[in-house]
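*Asks:* Dropping in coords.csv, which is CSV, C-alpha atoms:
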chain,number,residue,atom,x,y,z
J,1,MET,CA,0.0,0.0,0.0
J,2,SER,CA,1.4,3.4,-1.0
J,3,GLY,CA,1.6,6.3,1.4
J,4,ARG,CA,-0.2,8.5,-1.2
J,5,GLY,CA,-3.6,7.0,-0.3
J,6,SER,CA,-3.3,8.0,3.4
J,7,CYS,CA,-2.2,11.5,2.3
J,8,VAL,CA,-5.3,11.9,0.1
J,9,MET,CA,-7.5,10.7,3.0
J,10,ALA,CA,-5.9,13.2,5.4
J,11,GLU,CA,-6.5,16.1,2.9
J,12,GLN,CA,-10.2,15.2,2.7
J,13,GLU,CA,-10.6,15.2,6.5
J,14,GLN,CA,-8.9,18.6,7.1
J,15,PRO,CA,-12.0,20.7,6.1
J,16,ALA,CA,-14.2,18.8,8.6
J,17,GLU,CA,-11.5,19.1,11.3
J,18,GLY,CA,-11.1,22.8,10.7
J,19,ALA,CA,-14.9,23.3,10.8
J,20,ILE,CA,-15.2,21.4,14.1
J,21,LEU,CA,-12.3,23.2,15.7
J,22,GLY,CA,-13.8,26.6,14.6
J,23,LEU,CA,-17.1,25.6,16.1
J,24,LEU,CA,-15.5,24.5,19.4
J,25,LEU,CA,-13.5,27.8,19.6
J,26,ASN,CA,-16.6,29.9,19.0
J,27,PHE,CA,-17.2,30.8,22.7
J,28,GLU,CA,-20.3,32.9,21.8
J,29,ALA,CA,-22.0,29.6,20.8
J,30,GLY,CA,-20.7,27.8,23.9
J,31,SER,CA,-17.6,25.9,24.6
J,32,LEU,CA,-19.0,22.5,25.4
J,33,TRP,CA,-20.7,20.6,22.6
J,34,SER,CA,-22.2,17.1,22.4
J,35,VAL,CA,-21.1,15.0,19.5
J,36,GLU,CA,-24.7,15.0,18.2
J,37,GLU,CA,-24.8,18.8,18.3
J,38,VAL,CA,-21.6,19.0,16.2
J,39,VAL,CA,-23.1,16.6,13.7
J,40,ARG,CA,-26.3,18.7,13.4
J,41,GLN,CA,-24.5,22.0,13.3
J,42,LEU,CA,-22.1,20.9,10.5
J,43,SER,CA,-24.7,18.8,8.6
J,44,ALA,CA,-22.0,16.2,8.3
J,45,SER,CA,-22.2,12.4,8.6
J,46,ARG,CA,-21.7,11.1,12.1
J,47,LEU,CA,-18.8,8.9,11.0
J,48,GLU,CA,-17.0,11.9,9.4
J,49,VAL,CA,-17.4,13.9,12.7
J,50,ILE,CA,-16.3,11.0,14.9
J,51,ASP,CA,-13.2,10.4,12.7
J,52,SER,CA,-12.4,14.1,12.7
J,53,LEU,CA,-12.9,14.4,16.5
J,54,ALA,CA,-10.5,11.4,17.0
J,55,SER,CA,-7.9,13.2,14.8
J,56,LEU,CA,-8.3,16.5,16.7
J,57,GLN,CA,-8.0,14.6,20.0
J,58,ALA,CA,-4.9,12.8,18.9
J,59,ALA,CA,-3.3,16.1,17.9
J,60,GLY,CA,-4.1,17.5,21.4
J,61,LEU,CA,-6.5,20.1,20.1
J,62,ILE,CA,-9.7,18.9,21.8
J,63,HIS,CA,-10.8,17.0,24.9
J,64,ARG,CA,-13.5,14.5,24.8
J,65,LEU,CA,-15.5,13.5,27.9
J,66,GLY,CA,-18.0,10.8,27.0
J,67,ASP,CA,-20.4,12.4,24.4
J,68,TYR,CA,-19.1,15.9,24.9
J,69,VAL,CA,-16.1,17.7,23.3
J,70,PHE,CA,-14.4,21.0,23.9
J,71,ALA,CA,-11.2,22.8,22.7
J,72,THR,CA,-8.0,22.4,24.7
J,73,ARG,CA,-6.5,25.4,26.5
J,74,ALA,CA,-3.6,25.2,23.9
J,75,ALA,CA,-6.0,25.4,21.0
J,76,SER,CA,-7.9,28.3,22.6
J,77,SER,CA,-4.6,30.2,23.3
J,78,PHE,CA,-3.4,29.7,19.8
J,79,ASP,CA,-6.8,31.0,18.4
J,80,ARG,CA,-6.5,34.1,20.5
J,81,LEU,CA,-3.1,35.0,19.0
J,82,GLN,CA,-4.9,35.7,15.7
J,83,LEU,CA,-1.9,34.8,13.5
Can the structure from this file be put into structure tokens for me?
*Replies:*
Amino acid sequence: MSGRGSCVMAEQEQPAEGAILGLLLNFEAGSLWSVEEVVRQLSASRLEVIDSLASLQAAGLIHRLGDYVFATRAASSFDRLQL
């Protein structure tokens, strides 16, 4: 199996991950979201959201507590830098 396939898959997941992280960093909407709220808000498939949440959690950008997710302090701090 070539590494190219995994690279293509990673590129397809990035927009969903970015949308999820943006949603979790929007403090006006609230900082604690259920997985189902994220699915509804993004009008995405549940599987796509679950996969993206796993990637964001592995990268240390979100915390997951049961069915709830929120941005890590590091992600929030980076977002406030407005680079």
*Asks:* Restricting the calculation to only C-alpha atoms: of J:Arg80, J:Arg64, J:Ser55, J:Ala71, which residue gets closest to J:Gly30?
*Replies:*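 Counting only C-alpha atoms, the residue closest to J:Gly30 is J:Ala71.
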*Asks:* Using only C-alpha atoms, which of J:Val39, J:Ala44, J:Leu53, J:Leu23 sits nearest J:Leu65?
*Replies:*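 The answer is J:Leu53, which sits nearest to J:Leu65.
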*Asks:* Which of these, J:Ser52, J:Glu37, J:Ile62, J:Leu42, has the shortest distance to J:Ser76 once you count only C-alpha atoms?
*Replies:* J:Ile62
*Asks:* J:Glu36: which residues within 12 Å, counting all atoms listed in the file, same-chain residues fewer than 3 positions away excluded, as a list of chain:residue names?
*Replies:*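 In the requested form, the answer reads J:Leu32, J:Trp33, J:Val39, J:Arg40, J:Gln41, J:Leu42, J:Ser43, J:Ala44, J:Ser45, J:Arg46, J:Leu47, J:Val49, J:Ile50, J:Leu53, J:Gly66, J:Asp67, J:Tyr68, J:Val69.
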*Asks:* List every protein, DNA or RNA residue that has at least one atom no more than 9 Å from (-10.7, 20.5, 17.4) in the file's coordinates, counting only C-alpha atoms, and write the result as number ranges by chain.
*Replies:* J: 17-25, 52-53, 55-57, 59-63, 69-72, 75
*Asks:* One decimal, Å: what's the distance from atom CA of J:Phe27 over to atom CA of J:Arg73, could you say?
*Replies:*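 Distance reported for this atom pair: 12.6 Å.
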*Asks:* Nearest to J:Ala16 among J:Ala58, J:Asp79, J:Val38, J:Glu48, with distances taken over all atoms listed in the file: which residue is it?
*Replies:* J:Glu48
*Asks:* Any chance you could build stretch 22-55 of chain J out to N, CA and C atoms and write it as a compact mmCIF listing (two decimals), in the frame of the given file?
*Replies:*
# COMPACT_ATOMS: atom_id res chain seq x y z
N GLY J 22 -13.19 25.20 14.65
CA GLY J 22 -13.80 26.60 14.60
C GLY J 22 -15.04 26.64 15.44
N LEU J 23 -15.85 25.62 15.35
CA LEU J 23 -17.10 25.60 16.10
C LEU J 23 -16.80 25.53 17.61
N LEU J 24 -15.86 24.69 18.01
CA LEU J 24 -15.50 24.50 19.40
C LEU J 24 -14.84 25.78 19.98
N LEU J 25 -14.20 26.56 19.12
CA LEU J 25 -13.50 27.80 19.60
C LEU J 25 -14.44 29.00 19.55
N ASN J 26 -15.65 28.85 19.05
CA ASN J 26 -16.60 29.90 19.00
C ASN J 26 -17.31 30.01 20.38
N PHE J 27 -16.74 30.78 21.28
CA PHE J 27 -17.20 30.80 22.70
C PHE J 27 -18.60 31.48 22.79
N GLU J 28 -19.00 32.28 21.81
CA GLU J 28 -20.30 32.90 21.80
C GLU J 28 -21.40 31.81 21.72
N ALA J 29 -21.08 30.73 21.01
CA ALA J 29 -22.00 29.60 20.80
C ALA J 29 -21.95 28.64 21.98
N GLY J 30 -20.95 28.78 22.83
CA GLY J 30 -20.70 27.80 23.90
C GLY J 30 -19.49 27.03 23.69
N SER J 31 -18.85 26.61 24.76
CA SER J 31 -17.60 25.90 24.60
C SER J 31 -17.70 24.41 24.75
N LEU J 32 -18.81 23.90 25.26
CA LEU J 32 -19.00 22.50 25.40
C LEU J 32 -20.11 22.01 24.48
N TRP J 33 -19.76 21.07 23.62
CA TRP J 33 -20.70 20.60 22.60
C TRP J 33 -20.84 19.08 22.72
N SER J 34 -22.03 18.58 22.51
CA SER J 34 -22.20 17.10 22.40
C SER J 34 -21.83 16.74 20.96
N VAL J 35 -21.44 15.50 20.79
CA VAL J 35 -21.10 15.00 19.50
C VAL J 35 -22.28 15.18 18.52
N GLU J 36 -23.47 14.90 19.00
CA GLU J 36 -24.70 15.00 18.20
C GLU J 36 -24.92 16.46 17.75
N GLU J 37 -24.64 17.42 18.64
CA GLU J 37 -24.80 18.80 18.30
C GLU J 37 -23.81 19.21 17.19
N VAL J 38 -22.61 18.70 17.25
CA VAL J 38 -21.60 19.00 16.20
C VAL J 38 -22.08 18.41 14.88
N VAL J 39 -22.58 17.18 14.89
CA VAL J 39 -23.10 16.60 13.70
C VAL J 39 -24.19 17.42 13.06
N ARG J 40 -25.15 17.83 13.89
CA ARG J 40 -26.30 18.70 13.40
C ARG J 40 -25.81 20.01 12.90
N GLN J 41 -24.94 20.65 13.64
CA GLN J 41 -24.50 22.00 13.30
C GLN J 41 -23.74 22.00 11.95
N LEU J 42 -22.93 20.96 11.70
CA LEU J 42 -22.10 20.90 10.50
C LEU J 42 -22.85 20.22 9.32
N SER J 43 -24.00 19.64 9.60
CA SER J 43 -24.70 18.80 8.60
C SER J 43 -23.78 17.84 7.94
N ALA J 44 -23.00 17.18 8.76
CA ALA J 44 -22.00 16.20 8.30
C ALA J 44 -22.46 14.81 8.73
N SER J 45 -21.85 13.81 8.15
CA SER J 45 -22.20 12.40 8.60
C SER J 45 -21.55 12.22 9.97
N ARG J 46 -22.22 11.40 10.74
CA ARG J 46 -21.70 11.10 12.10
C ARG J 46 -20.36 10.48 12.04
N LEU J 47 -20.13 9.58 11.09
CA LEU J 47 -18.80 8.90 11.00
C LEU J 47 -17.73 9.92 10.66
N GLU J 48 -17.99 10.87 9.78
CA GLU J 48 -17.00 11.90 9.40
C GLU J 48 -16.65 12.73 10.68
N VAL J 49 -17.67 13.09 11.45
CA VAL J 49 -17.40 13.90 12.70
C VAL J 49 -16.65 13.07 13.69
N ILE J 50 -17.02 11.81 13.89
CA ILE J 50 -16.30 11.00 14.90
C ILE J 50 -14.85 10.81 14.46
N ASP J 51 -14.58 10.57 13.18
CA ASP J 51 -13.20 10.40 12.70
C ASP J 51 -12.42 11.73 12.89
N SER J 52 -13.05 12.85 12.58
CA SER J 52 -12.40 14.10 12.70
C SER J 52 -12.11 14.46 14.20
N LEU J 53 -13.07 14.14 15.06
CA LEU J 53 -12.90 14.40 16.50
C LEU J 53 -11.70 13.52 17.01
N ALA J 54 -11.59 12.29 16.53
CA ALA J 54 -10.50 11.40 17.00
C ALA J 54 -9.14 12.02 16.52
N SER J 55 -9.09 12.55 15.31
CA SER J 55 -7.90 13.20 14.80
C SER J 55 -7.50 14.42 15.63
